[in-house]
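Engineer: Okay, handing you the structure first.
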Number of protein chains: 2
Amino acid sequence: MGGDFGPHCIVPACISCLVEHPSLHLVLVGQSELVESLIARHPGVDRARLRVEHADEIIGMNDQPALALRSKPDSSMRVGLELVRDGAVQACVSAGNSGALMALSRYVLKTLPGIDRPAMVAAVPTQSGFCHLLDLGANVDCSAEHLYQFAVMGSVTAEVLGTARPRVALLNVGTEDIKGSQQVKLAAGLLQQANGLNYIGFVEGDGLYRGEADVVVCDGFVGNVLLKSSEGLAVMIAGRIEALFRSSLAARMVGVLALPLLRRLRGELSPAQHNGASLVGLQGIVVKSHGGAGPEGFKSAIRRALLEIEEDLPRRLQSRLAEHLL
Amino acid sequence: MGGDFGPHCIVPACISCLVEHPSLHLVLVGQSELVESLIARHPGVDRARLRVEHADEIIGMNDQPALALRSKPDSSMRVGLELVRDGAVQACVSAGNSGALMALSRYVLKTLPGIDRPAMVAAVPTQSGFCHLLDLGANVDCSAEHLYQFAVMGSVTAEVLGTARPRVALLNVGTEDIKGSQQVKLAAGLLQQANGLNYIGFVEGDGLYRGEADVVVCDGFVGNVLLKSSEGLAVMIAGRIEALFRSSLAARMVGVLALPLLRRLRGELSPAQHNGASLVGLQGIVVKSHGGAGPEGFKSAIRRALLEIEEDLPRRLQSRLAEHLL
């Protein structure tokens, strides 16, 4: 029920995913009448692999997490997470309120042993591929130990998603040892002593986009600002390019040829479109789709959940955490 | 002597500025033999308005601020700041080591009454113009009172630089009151009570680029990450666009027409190119040019210093601070 477009985006995305992945089964949790009416628009759906689970309440995009937790026991988000907890499904994908999803996930699924707080991690495109950035807004005040746990979780997630011996860096305002906030300097000390992690030191904001690390660790405040400002800048640049090609007759003529090419880039370049942020550190798989994503974006979030199921991310995280945690 | 290109960039920039601004006088501080040899390449320079002041030592781009302060009494940076302190010049412009410039400025010039720490502020391009962002890396651990002081300094700076009744916002991870770190929430409380400031609340990273505020306040860690990651993303996007127009013969043909137009955008779009960050809160005018800026960039930093001299920024800041500070 979540996201800017709700089931109007999610239902067609799910139906398209069922066609692409013959072994996929989906449960759509939400107001069943609306969901069924949207499914009915697509004849030929394999209903043996698509079930609707009714949930009456909806968590609004601006509801406070505490409220979502206390006063909406029958929200689609909560019912979906309970299906994960009870083993009825293997992952939950939501386009809803991030804060509520984090709070409910932690409450319903619990964190892995040794993890204080789950983190949100997403792939950000870089000059040489992409890097896994965490935390993305769930945890605004972080201790050095939290940053250390994020680094371990990010490293294992990157490995599981296909990067051998991922280079792990702390995001900082300089690359020299003396730079940075107290927490970052303390976290660096912890990471230097960690065995089995490929910790490469500090990376700056521009180094992240140059592809200097595979995993970049920061607190949720910094990560959220970085991700949202990058989205905002990418949108602004796209807008300026369009305006440039409207600025004169000659420019318009070039634009007719150039803009279709440039629009192809837009999807790749906006970090938000690399859709699907994982909540890691939980006893279960939860993927957050960007609230503004369309059906293609939501499909990419489902694919991320599928990959994490195939790779059994939570179990692998748990065994690796046991080696690394303090 | 500072920046990636040292006097090889700065000397031609200065000579060009002298031509453009007939009332401008410049003192070039550094190794006089090298500087004179570079000036000699430009015949017809009005030497009555261009003086060279010898300073033997150079602060390296990676020197620690404390070292620069203690062991290099004759650095070009320090001698330049002492000229400001002694009233021999009205502003100092440097492309050198930011941390050293901040530490030396504070030591040589002192802060204005009531200001604990100077801040670095720069204009960042947005969808509707630009916003003044501070702090940009000087102060990594900030209290709510520091953020409040930055807000006051940013507001006065924006006013002086031409924005009537600037909209002042705190950078945060959400726009609701309950969002954010402890310091940000406390700073919001202080700003809500401030008379005479046009405080509009929280802004997110994407809102900054949408132009939702004229002054955006954050701690130096967050500001530095935002600025550097934006620079990195802008460079990456420019690189991808160039690659796109090399990707096929047809694309190359379109590129011949489109790239010259797009390159014009590059300057405007990279936040670093809007060159010239001011150190505010000092008893004197200090402008930091981006280390990687070329002669055009350095000229833009000189122009910013000229504007601050004309508007008498430090004196106006001091009188406005007296009204606003707690």
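By convention in this document, the chains of the structure tokens carry letters A, B, ... by their order, each chain's residues are numbered from 1, and ligands are numbered from 1 in the order they are shown.
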If we count only C-alpha atoms and set the cut-off at 6 Å, which residues sit around stretch 79-91 of chain A, ignoring sequence neighbours fewer than 4 positions away in its own chain? Please answer as a list in words.

Structural biologist: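 Counting only C-alpha atoms, the residues come to Leu109, Ile285 and Val286 of chain A.
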
Engineer: Using DSSP on the backbone, list every residue of stretch 157-258 of chain A that comes out as strand (DSSP E or B), and give them as number ranges by chain.

Structural biologist: A: 168-171, 199-203, 215-217

Engineer: Go ahead and write the residues just picked, N, CA, C and O atoms, as a CSV table (one decimal), in the first residue's frame.

Structural biologist:
chain,number,residue,atom,x,y,z
A,168,VAL,N,36.5,-1.8,2.2
A,168,VAL,CA,35.6,-1.2,3.1
A,168,VAL,C,36.3,0.2,3.6
A,168,VAL,O,37.5,0.2,4.0
A,169,ALA,N,35.6,1.3,3.5
A,169,ALA,CA,36.1,2.6,3.9
A,169,ALA,C,35.1,3.3,4.8
A,169,ALA,O,33.9,3.1,4.7
A,170,LEU,N,35.7,4.2,5.6
A,170,LEU,CA,34.8,5.1,6.4
A,170,LEU,C,34.8,6.4,5.7
A,170,LEU,O,35.8,6.9,5.3
A,171,LEU,N,33.6,6.9,5.6
A,171,LEU,CA,33.4,8.2,4.9
A,171,LEU,C,33.9,9.3,5.9
A,171,LEU,O,33.6,9.3,7.1
A,199,TYR,N,39.7,-3.5,5.2
A,199,TYR,CA,39.5,-2.1,5.6
A,199,TYR,C,40.6,-1.2,4.9
A,199,TYR,O,41.8,-1.5,5.2
A,200,ILE,N,40.2,-0.2,4.1
A,200,ILE,CA,41.2,0.5,3.4
A,200,ILE,C,41.4,2.0,3.9
A,200,ILE,O,42.2,2.7,3.4
A,201,GLY,N,40.7,2.3,5.0
A,201,GLY,CA,40.9,3.7,5.5
A,201,GLY,C,39.7,4.6,5.2
A,201,GLY,O,38.6,4.2,5.0
A,202,PHE,N,40.1,5.9,5.2
A,202,PHE,CA,39.0,6.9,4.9
A,202,PHE,C,38.8,7.2,3.4
A,202,PHE,O,39.8,7.1,2.7
A,203,VAL,N,37.6,7.5,3.1
A,203,VAL,CA,37.3,8.0,1.7
A,203,VAL,C,36.5,9.3,1.9
A,203,VAL,O,35.8,9.5,2.9
A,215,VAL,N,32.5,-0.6,-0.2
A,215,VAL,CA,31.6,-0.4,0.9
A,215,VAL,C,32.0,0.9,1.6
A,215,VAL,O,33.1,1.1,2.0
A,216,VAL,N,31.1,1.9,1.7
A,216,VAL,CA,31.3,3.1,2.4
A,216,VAL,C,30.4,3.3,3.6
A,216,VAL,O,29.2,3.1,3.5
A,217,VAL,N,31.0,3.5,4.8
A,217,VAL,CA,30.3,3.5,6.0
A,217,VAL,C,30.2,4.9,6.6
A,217,VAL,O,31.2,5.6,6.6

Engineer: Using only C-alpha atoms, which of the listed residues (B:Arg252, B:His146, B:Arg165, B:Lys299) sits closest to chain A?

Structural biologist: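 Using only C-alpha atoms, the shortest distance to chain A belongs to B:Arg252.
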
Engineer: So that each row is one residue of chain B with an atom at most 7 Å from chain A, can you give its shortest atom pair and the distance in Å to one decimal, using only C-alpha atoms, rows by chain and rising number, as a tab-separated table?

Structural biologist:
residue	atom	partner	partner_atom	distance
B:Gln127	CA	A:Met236	CA	5.9
B:Gly137	CA	A:Val173	CA	6.7
B:Val140	CA	A:Ser181	CA	5.6
B:Asp141	CA	A:Ser181	CA	6.0
B:Val173	CA	A:Asn224	CA	6.1
B:Gly180	CA	A:Val140	CA	6.4
B:Ser181	CA	A:Val140	CA	5.6
B:Glu204	CA	A:Val225	CA	6.8
B:Gly205	CA	A:Ser229	CA	3.9
B:Asp206	CA	A:Gly232	CA	4.0
B:Tyr209	CA	A:Gly232	CA	5.4
B:Arg210	CA	A:Gly232	CA	6.8
B:Phe221	CA	A:Val173	CA	6.1
B:Val222	CA	A:Val222	CA	5.8
B:Asn224	CA	A:Val173	CA	6.1
B:Val225	CA	A:Gly205	CA	5.0
B:Leu226	CA	A:Leu226	CA	5.7
B:Lys228	CA	A:Gly205	CA	4.7
B:Ser229	CA	A:Gly205	CA	3.8
B:Ser230	CA	A:Ser230	CA	6.3
B:Glu231	CA	A:Asp206	CA	6.3
B:Gly232	CA	A:Asp206	CA	4.0
B:Leu233	CA	A:Tyr209	CA	5.9
B:Met236	CA	A:Gln127	CA	5.9
B:Val254	CA	A:Ala258	CA	6.2
B:Leu257	CA	A:Val254	CA	6.3
B:Ala258	CA	A:Val254	CA	6.1

Engineer: Taking C-alpha atoms for each residue, export the selection above as a PDB file, in the first residue's frame.

Structural biologist:
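Listed below is the output, selection.pdb:
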ATOM      1  CA  GLN B 127      17.452  24.985  -9.382  1.00  0.00           C
ATOM      2  CA  GLY B 137      34.618  21.275   6.812  1.00  0.00           C
ATOM      3  CA  VAL B 140      33.485  18.550  12.508  1.00  0.00           C
ATOM      4  CA  ASP B 141      31.953  18.305  15.993  1.00  0.00           C
ATOM      5  CA  VAL B 173      17.174  13.943   7.369  1.00  0.00           C
ATOM      6  CA  GLY B 180      17.306  14.598  13.281  1.00  0.00           C
ATOM      7  CA  SER B 181      20.258  14.424  15.611  1.00  0.00           C
ATOM      8  CA  GLU B 204      16.691  17.839   3.170  1.00  0.00           C
ATOM      9  CA  GLY B 205      19.560  17.208   0.757  1.00  0.00           C
ATOM     10  CA  ASP B 206      17.289  17.236  -2.283  1.00  0.00           C
ATOM     11  CA  TYR B 209      19.175  21.615  -4.724  1.00  0.00           C
ATOM     12  CA  ARG B 210      15.508  22.447  -5.350  1.00  0.00           C
ATOM     13  CA  PHE B 221      31.415  17.079   8.561  1.00  0.00           C
ATOM     14  CA  VAL B 222      28.054  16.970   6.801  1.00  0.00           C
ATOM     15  CA  ASN B 224      32.143  18.763   3.581  1.00  0.00           C
ATOM     16  CA  VAL B 225      30.634  15.396   2.601  1.00  0.00           C
ATOM     17  CA  LEU B 226      27.758  17.121   0.776  1.00  0.00           C
ATOM     18  CA  LYS B 228      32.672  16.862  -2.075  1.00  0.00           C
ATOM     19  CA  SER B 229      30.158  14.191  -3.021  1.00  0.00           C
ATOM     20  CA  SER B 230      28.314  16.735  -5.187  1.00  0.00           C
ATOM     21  CA  GLU B 231      31.582  17.606  -6.920  1.00  0.00           C
ATOM     22  CA  GLY B 232      32.321  13.922  -7.407  1.00  0.00           C
ATOM     23  CA  LEU B 233      28.855  13.209  -8.789  1.00  0.00           C
ATOM     24  CA  MET B 236      31.015  11.433 -12.883  1.00  0.00           C
ATOM     25  CA  VAL B 254      25.403  13.955 -32.327  1.00  0.00           C
ATOM     26  CA  LEU B 257      27.095  19.187 -31.929  1.00  0.00           C
ATOM     27  CA  ALA B 258      25.956  18.535 -28.370  1.00  0.00           C
TER      28      ALA B 258
END

Engineer: Measuring atom to atom with only C-alpha atoms, identify which of B:Cys218, B:Ile15, B:Ala194, B:Ala119 is nearest to B:Val35.

Structural biologist: B:Ile15

Engineer: I'd like the interatomic distance between atom CA of A:Leu317 and atom CA of A:Val152, to a tenth of an Å.

Structural biologist: 8.6 Å

Engineer: Could you please determine the separation between atom CA of B:Cys9 and atom CA of B:Ala301 in Å, to one decimal place?

Structural biologist: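 About the pair atom CA of B:Cys9 and atom CA of B:Ala301: they are 12.6 Å apart.
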
Engineer: Find the spatial neighbours of B:Gly294, counting only C-alpha atoms, within a cut-off of 10 Å - ignore same-chain residues fewer than 4 positions away - and output them as a PyMOL selection string.

Structural biologist: chain B and resi 3-6+8-10+12-13+273+275+289-290+298-299

Engineer: Could you save those same residues with all heavy atoms as an mmCIF file, in the first residue's frame?

Structural biologist:
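Writing the result to result33.cif gives the following:
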data_model
loop_
_atom_site.group_PDB
_atom_site.id
_atom_site.type_symbol
_atom_site.label_atom_id
_atom_site.label_comp_id
_atom_site.auth_asym_id
_atom_site.auth_seq_id
_atom_site.Cartn_x
_atom_site.Cartn_y
_atom_site.Cartn_z
ATOM 1 N N GLY B 3 47.402 25.778 -3.538
ATOM 2 C CA GLY B 3 46.564 25.221 -4.604
ATOM 3 C C GLY B 3 47.351 24.247 -5.464
ATOM 4 O O GLY B 3 48.567 24.098 -5.312
ATOM 5 N N ASP B 4 46.653 23.609 -6.357
ATOM 6 C CA ASP B 4 47.296 22.575 -7.185
ATOM 7 C C ASP B 4 48.293 23.165 -8.177
ATOM 8 O O ASP B 4 49.203 22.479 -8.626
ATOM 9 C CB ASP B 4 46.238 21.786 -7.971
ATOM 10 C CG ASP B 4 45.268 21.059 -7.046
ATOM 11 O OD1 ASP B 4 45.527 21.036 -5.822
ATOM 12 O OD2 ASP B 4 44.254 20.535 -7.532
ATOM 13 N N PHE B 5 48.124 24.434 -8.548
ATOM 14 C CA PHE B 5 48.972 25.017 -9.585
ATOM 15 C C PHE B 5 49.810 26.179 -9.070
ATOM 16 O O PHE B 5 50.611 26.759 -9.815
ATOM 17 C CB PHE B 5 48.107 25.490 -10.766
ATOM 18 C CG PHE B 5 47.068 24.478 -11.174
ATOM 19 C CD1 PHE B 5 45.722 24.685 -10.909
ATOM 20 C CD2 PHE B 5 47.449 23.292 -11.791
ATOM 21 C CE1 PHE B 5 44.772 23.743 -11.259
ATOM 22 C CE2 PHE B 5 46.494 22.338 -12.144
ATOM 23 C CZ PHE B 5 45.150 22.564 -11.876
ATOM 24 N N GLY B 6 49.636 26.565 -7.804
ATOM 25 C CA GLY B 6 50.433 27.626 -7.187
ATOM 26 C C GLY B 6 50.426 28.909 -8.003
ATOM 27 O O GLY B 6 49.427 29.239 -8.649
ATOM 28 N N HIS B 8 51.605 29.681 -10.735
ATOM 29 C CA HIS B 8 51.401 29.534 -12.186
ATOM 30 C C HIS B 8 49.946 29.801 -12.558
ATOM 31 O O HIS B 8 49.642 30.206 -13.678
ATOM 32 C CB HIS B 8 51.818 28.134 -12.656
ATOM 33 C CG HIS B 8 53.273 27.895 -12.480
ATOM 34 N ND1 HIS B 8 54.204 28.259 -13.425
ATOM 35 C CD2 HIS B 8 53.972 27.394 -11.439
ATOM 36 C CE1 HIS B 8 55.414 27.951 -12.981
ATOM 37 N NE2 HIS B 8 55.298 27.425 -11.777
ATOM 38 N N CYS B 9 49.031 29.556 -11.632
ATOM 39 C CA CYS B 9 47.614 29.889 -11.840
ATOM 40 C C CYS B 9 47.299 31.268 -11.284
ATOM 41 O O CYS B 9 46.580 32.052 -11.891
ATOM 42 C CB CYS B 9 46.750 28.824 -11.158
ATOM 43 S SG CYS B 9 45.081 29.368 -10.767
ATOM 44 N N ILE B 10 47.850 31.550 -10.110
ATOM 45 C CA ILE B 10 47.428 32.747 -9.363
ATOM 46 C C ILE B 10 47.935 34.027 -10.018
ATOM 47 O O ILE B 10 47.204 35.028 -10.107
ATOM 48 C CB ILE B 10 47.888 32.620 -7.883
ATOM 49 C CG1 ILE B 10 47.133 31.450 -7.221
ATOM 50 C CG2 ILE B 10 47.683 33.923 -7.135
ATOM 51 C CD1 ILE B 10 47.654 31.040 -5.864
ATOM 52 N N PRO B 12 48.679 34.854 -13.308
ATOM 53 C CA PRO B 12 47.869 35.329 -14.442
ATOM 54 C C PRO B 12 46.458 35.753 -14.036
ATOM 55 O O PRO B 12 45.911 36.722 -14.594
ATOM 56 C CB PRO B 12 47.834 34.136 -15.405
ATOM 57 C CG PRO B 12 48.497 32.998 -14.727
ATOM 58 C CD PRO B 12 49.232 33.501 -13.534
ATOM 59 N N ALA B 13 45.865 35.047 -13.049
ATOM 60 C CA ALA B 13 44.528 35.433 -12.578
ATOM 61 C C ALA B 13 44.555 36.842 -11.995
ATOM 62 O O ALA B 13 43.669 37.663 -12.270
ATOM 63 C CB ALA B 13 44.043 34.427 -11.524
ATOM 64 N N GLN B 273 33.116 24.993 -8.803
ATOM 65 C CA GLN B 273 33.490 26.021 -9.759
ATOM 66 C C GLN B 273 32.872 27.373 -9.421
ATOM 67 O O GLN B 273 33.343 28.409 -9.862
ATOM 68 C CB GLN B 273 33.107 25.605 -11.185
ATOM 69 C CG GLN B 273 33.695 24.263 -11.610
ATOM 70 C CD GLN B 273 35.205 24.239 -11.503
ATOM 71 O OE1 GLN B 273 35.888 25.186 -11.828
ATOM 72 N NE2 GLN B 273 35.736 23.125 -11.002
ATOM 73 N N ASN B 275 33.378 29.466 -7.483
ATOM 74 C CA ASN B 275 34.554 29.414 -6.626
ATOM 75 C C ASN B 275 34.623 30.561 -5.630
ATOM 76 O O ASN B 275 34.235 31.673 -5.909
ATOM 77 C CB ASN B 275 35.798 29.395 -7.504
ATOM 78 C CG ASN B 275 37.004 28.986 -6.714
ATOM 79 O OD1 ASN B 275 36.893 28.218 -5.770
ATOM 80 N ND2 ASN B 275 38.142 29.512 -7.077
ATOM 81 N N SER B 289 40.029 29.942 -2.136
ATOM 82 C CA SER B 289 39.776 29.456 -3.494
ATOM 83 C C SER B 289 39.971 27.946 -3.502
ATOM 84 O O SER B 289 40.826 27.413 -2.796
ATOM 85 C CB SER B 289 40.765 30.116 -4.457
ATOM 86 O OG SER B 289 40.702 29.492 -5.722
ATOM 87 N N HIS B 290 39.185 27.242 -4.290
ATOM 88 C CA HIS B 290 39.340 25.786 -4.420
ATOM 89 C C HIS B 290 40.758 25.477 -4.920
ATOM 90 O O HIS B 290 41.241 26.128 -5.837
ATOM 91 C CB HIS B 290 38.308 25.294 -5.437
ATOM 92 C CG HIS B 290 38.096 23.815 -5.417
ATOM 93 N ND1 HIS B 290 38.910 22.935 -6.072
ATOM 94 C CD2 HIS B 290 37.150 23.066 -4.803
ATOM 95 C CE1 HIS B 290 38.465 21.694 -5.877
ATOM 96 N NE2 HIS B 290 37.398 21.750 -5.109
ATOM 97 N N PHE B 298 40.146 31.294 -9.747
ATOM 98 C CA PHE B 298 40.814 32.148 -8.767
ATOM 99 C C PHE B 298 40.324 33.592 -8.891
ATOM 100 O O PHE B 298 40.155 34.286 -7.892
ATOM 101 C CB PHE B 298 42.340 32.061 -8.923
ATOM 102 C CG PHE B 298 43.069 32.548 -7.693
ATOM 103 C CD1 PHE B 298 43.273 31.711 -6.605
ATOM 104 C CD2 PHE B 298 43.526 33.858 -7.609
ATOM 105 C CE1 PHE B 298 43.912 32.167 -5.456
ATOM 106 C CE2 PHE B 298 44.173 34.325 -6.463
ATOM 107 C CZ PHE B 298 44.367 33.475 -5.389
ATOM 108 N N LYS B 299 40.063 34.029 -10.115
ATOM 109 C CA LYS B 299 39.517 35.376 -10.312
ATOM 110 C C LYS B 299 38.165 35.516 -9.617
ATOM 111 O O LYS B 299 37.857 36.555 -9.025
ATOM 112 C CB LYS B 299 39.353 35.678 -11.813
ATOM 113 C CG LYS B 299 40.643 36.071 -12.494
ATOM 114 C CD LYS B 299 40.508 36.111 -14.002
ATOM 115 C CE LYS B 299 39.616 37.244 -14.469
ATOM 116 N NZ LYS B 299 39.568 37.257 -15.974
#

Engineer: Calculated over only C-alpha atoms, which of the candidates B:Ile115, B:Val156, B:Cys92, B:Met102 has the smallest distance to B:Val287?

Structural biologist: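 Going through B:Ile115, B:Val156, B:Cys92, B:Met102 one by one, the smallest distance to B:Val287 is for B:Cys92.
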
Engineer: Taking only stretch 33-269 of chain B into account, list the residues labelled helix (DSSP H, G or I) by DSSP (computed from the backbone), as a ChimeraX atom specification.

Structural biologist: /B:33-39,47-49,65-71,76-85,98-109,144-160,182-192,205-210,220-244,249-269

Engineer: Write out as a ChimeraX atom specification the residues lying within 8 Å of A:Arg304, counting only C-alpha atoms and excluding same-chain residues fewer than 4 positions away.

Structural biologist: /A:276,287,300,308

Engineer: Go ahead and write the selection's residues with N, CA, C and O atoms as a PDB file, in the first residue's frame.

Structural biologist:
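Saved result, selection37.pdb, follows:
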ATOM      1  N   GLY A 276      16.191  -0.217  -4.460  1.00  0.00           N
ATOM      2  CA  GLY A 276      16.181  -1.317  -3.524  1.00  0.00           C
ATOM      3  C   GLY A 276      17.268  -1.164  -2.485  1.00  0.00           C
ATOM      4  O   GLY A 276      18.432  -1.419  -2.746  1.00  0.00           O
ATOM      5  N   VAL A 287      13.471  -5.447   2.089  1.00  0.00           N
ATOM      6  CA  VAL A 287      13.996  -4.524   1.085  1.00  0.00           C
ATOM      7  C   VAL A 287      13.060  -3.338   0.990  1.00  0.00           C
ATOM      8  O   VAL A 287      11.842  -3.487   0.930  1.00  0.00           O
ATOM      9  N   SER A 300      13.042  -3.854  -9.565  1.00  0.00           N
ATOM     10  CA  SER A 300      14.443  -3.976  -9.186  1.00  0.00           C
ATOM     11  C   SER A 300      14.568  -4.259  -7.688  1.00  0.00           C
ATOM     12  O   SER A 300      15.461  -4.994  -7.249  1.00  0.00           O
ATOM     13  N   GLU A 308      18.940 -11.861  -2.371  1.00  0.00           N
ATOM     14  CA  GLU A 308      19.267 -12.066  -0.959  1.00  0.00           C
ATOM     15  C   GLU A 308      18.714 -13.383  -0.440  1.00  0.00           C
ATOM     16  O   GLU A 308      19.319 -14.031   0.413  1.00  0.00           O
TER      17      GLU A 308
END

Engineer: Please provide as number ranges by chain all residues within 8 Å of A:Leu321, with the sequence filter that same-chain residues fewer than 3 positions apart are discarded (counting only C-alpha atoms).

Structural biologist: A: 114, 152-153, 317-318, 324-325

Engineer: Taking only C-alpha atoms into account, name the residue in B:Ala151, B:Leu279, B:Ala66, B:Leu161 that is nearest to B:Leu191.

Structural biologist: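 Of B:Ala151, B:Leu279, B:Ala66, B:Leu161, the one nearest B:Leu191 is B:Ala151, counting only C-alpha atoms.
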
Engineer: Between A:Glu159, A:Asp63, A:Asp74, A:Glu212, single out the one closest to A:Asn97, counting only C-alpha atoms.

Structural biologist: A:Asp63

Engineer: Between atom CA of A:Gly196 and atom CA of A:Arg117, what is the distance in Å, rounded to a tenth?

Structural biologist: 22.0 Å

Engineer: Any idea what's packed within 10 Å of B:Cys14, counting only C-alpha atoms, ignoring anything in its chain fewer than 3 positions away? Could you give it as JSON, numbers by chain?

Structural biologist: {"B": [7, 9, 10, 11, 17, 18, 19, 20, 24, 25, 26, 27, 28, 39, 50, 295, 296, 298, 299, 302]}

Engineer: Atoms to include: N, CA, C and O atoms. Write the selected residues as an mmCIF file, in the first residue's frame.

Structural biologist:
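As a result, part-v6.cif now contains:
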data_model
loop_
_atom_site.group_PDB
_atom_site.id
_atom_site.type_symbol
_atom_site.label_atom_id
_atom_site.label_comp_id
_atom_site.auth_asym_id
_atom_site.auth_seq_id
_atom_site.Cartn_x
_atom_site.Cartn_y
_atom_site.Cartn_z
ATOM 1 N N PRO B 7 51.551 29.643 -7.970
ATOM 2 C CA PRO B 7 51.592 30.946 -8.653
ATOM 3 C C PRO B 7 51.407 30.848 -10.167
ATOM 4 O O PRO B 7 51.042 31.843 -10.795
ATOM 5 N N CYS B 9 49.031 29.556 -11.632
ATOM 6 C CA CYS B 9 47.614 29.889 -11.840
ATOM 7 C C CYS B 9 47.299 31.268 -11.284
ATOM 8 O O CYS B 9 46.580 32.052 -11.891
ATOM 9 N N ILE B 10 47.850 31.550 -10.110
ATOM 10 C CA ILE B 10 47.428 32.747 -9.363
ATOM 11 C C ILE B 10 47.935 34.027 -10.018
ATOM 12 O O ILE B 10 47.204 35.028 -10.107
ATOM 13 N N VAL B 11 49.179 34.031 -10.510
ATOM 14 C CA VAL B 11 49.733 35.257 -11.101
ATOM 15 C C VAL B 11 48.922 35.710 -12.326
ATOM 16 O O VAL B 11 48.474 36.866 -12.373
ATOM 17 N N CYS B 17 42.685 40.283 -13.261
ATOM 18 C CA CYS B 17 41.772 41.011 -12.361
ATOM 19 C C CYS B 17 42.142 42.488 -12.265
ATOM 20 O O CYS B 17 41.261 43.345 -12.165
ATOM 21 N N LEU B 18 43.442 42.793 -12.280
ATOM 22 C CA LEU B 18 43.882 44.203 -12.210
ATOM 23 C C LEU B 18 43.342 44.985 -13.404
ATOM 24 O O LEU B 18 42.954 46.144 -13.275
ATOM 25 N N VAL B 19 43.329 44.332 -14.564
ATOM 26 C CA VAL B 19 42.816 44.990 -15.770
ATOM 27 C C VAL B 19 41.312 45.239 -15.633
ATOM 28 O O VAL B 19 40.807 46.308 -15.962
ATOM 29 N N GLU B 20 40.606 44.241 -15.102
ATOM 30 C CA GLU B 20 39.141 44.356 -14.998
ATOM 31 C C GLU B 20 38.683 45.338 -13.925
ATOM 32 O O GLU B 20 37.593 45.902 -14.022
ATOM 33 N N LEU B 24 41.532 48.202 -8.055
ATOM 34 C CA LEU B 24 42.097 47.081 -7.273
ATOM 35 C C LEU B 24 43.618 47.184 -7.141
ATOM 36 O O LEU B 24 44.320 47.442 -8.120
ATOM 37 N N HIS B 25 44.105 47.007 -5.908
ATOM 38 C CA HIS B 25 45.540 46.852 -5.666
ATOM 39 C C HIS B 25 45.770 45.454 -5.114
ATOM 40 O O HIS B 25 45.015 45.009 -4.255
ATOM 41 N N LEU B 26 46.810 44.776 -5.591
ATOM 42 C CA LEU B 26 47.078 43.420 -5.115
ATOM 43 C C LEU B 26 48.495 43.302 -4.558
ATOM 44 O O LEU B 26 49.430 43.906 -5.084
ATOM 45 N N VAL B 27 48.625 42.522 -3.488
ATOM 46 C CA VAL B 27 49.947 42.157 -2.955
ATOM 47 C C VAL B 27 50.069 40.649 -3.102
ATOM 48 O O VAL B 27 49.220 39.907 -2.587
ATOM 49 N N LEU B 28 51.071 40.201 -3.830
ATOM 50 C CA LEU B 28 51.297 38.763 -3.988
ATOM 51 C C LEU B 28 52.323 38.325 -2.952
ATOM 52 O O LEU B 28 53.461 38.790 -2.965
ATOM 53 N N ILE B 39 55.428 37.187 -13.227
ATOM 54 C CA ILE B 39 54.861 38.504 -13.592
ATOM 55 C C ILE B 39 55.540 39.031 -14.853
ATOM 56 O O ILE B 39 54.887 39.609 -15.741
ATOM 57 N N LEU B 50 50.481 46.399 -8.213
ATOM 58 C CA LEU B 50 50.846 44.990 -7.987
ATOM 59 C C LEU B 50 52.200 44.909 -7.292
ATOM 60 O O LEU B 50 53.246 45.160 -7.886
ATOM 61 N N PRO B 295 42.803 29.673 -13.405
ATOM 62 C CA PRO B 295 42.811 31.134 -13.295
ATOM 63 C C PRO B 295 41.414 31.754 -13.225
ATOM 64 O O PRO B 295 41.175 32.655 -12.413
ATOM 65 N N GLU B 296 40.444 31.254 -14.019
ATOM 66 C CA GLU B 296 39.090 31.827 -13.960
ATOM 67 C C GLU B 296 38.480 31.636 -12.571
ATOM 68 O O GLU B 296 37.810 32.511 -12.042
ATOM 69 N N PHE B 298 40.146 31.294 -9.747
ATOM 70 C CA PHE B 298 40.814 32.148 -8.767
ATOM 71 C C PHE B 298 40.324 33.592 -8.891
ATOM 72 O O PHE B 298 40.155 34.286 -7.892
ATOM 73 N N LYS B 299 40.063 34.029 -10.115
ATOM 74 C CA LYS B 299 39.517 35.376 -10.312
ATOM 75 C C LYS B 299 38.165 35.516 -9.617
ATOM 76 O O LYS B 299 37.857 36.555 -9.025
ATOM 77 N N ILE B 302 38.776 36.205 -6.046
ATOM 78 C CA ILE B 302 39.188 37.604 -5.822
ATOM 79 C C ILE B 302 37.953 38.512 -5.867
ATOM 80 O O ILE B 302 37.788 39.405 -5.036
#

Engineer: For B:Gly281, which of B:Gly30, B:Gly44, B:Pro113, B:Pro65 is the closest residue, counting only C-alpha atoms?

Structural biologist: B:Pro113
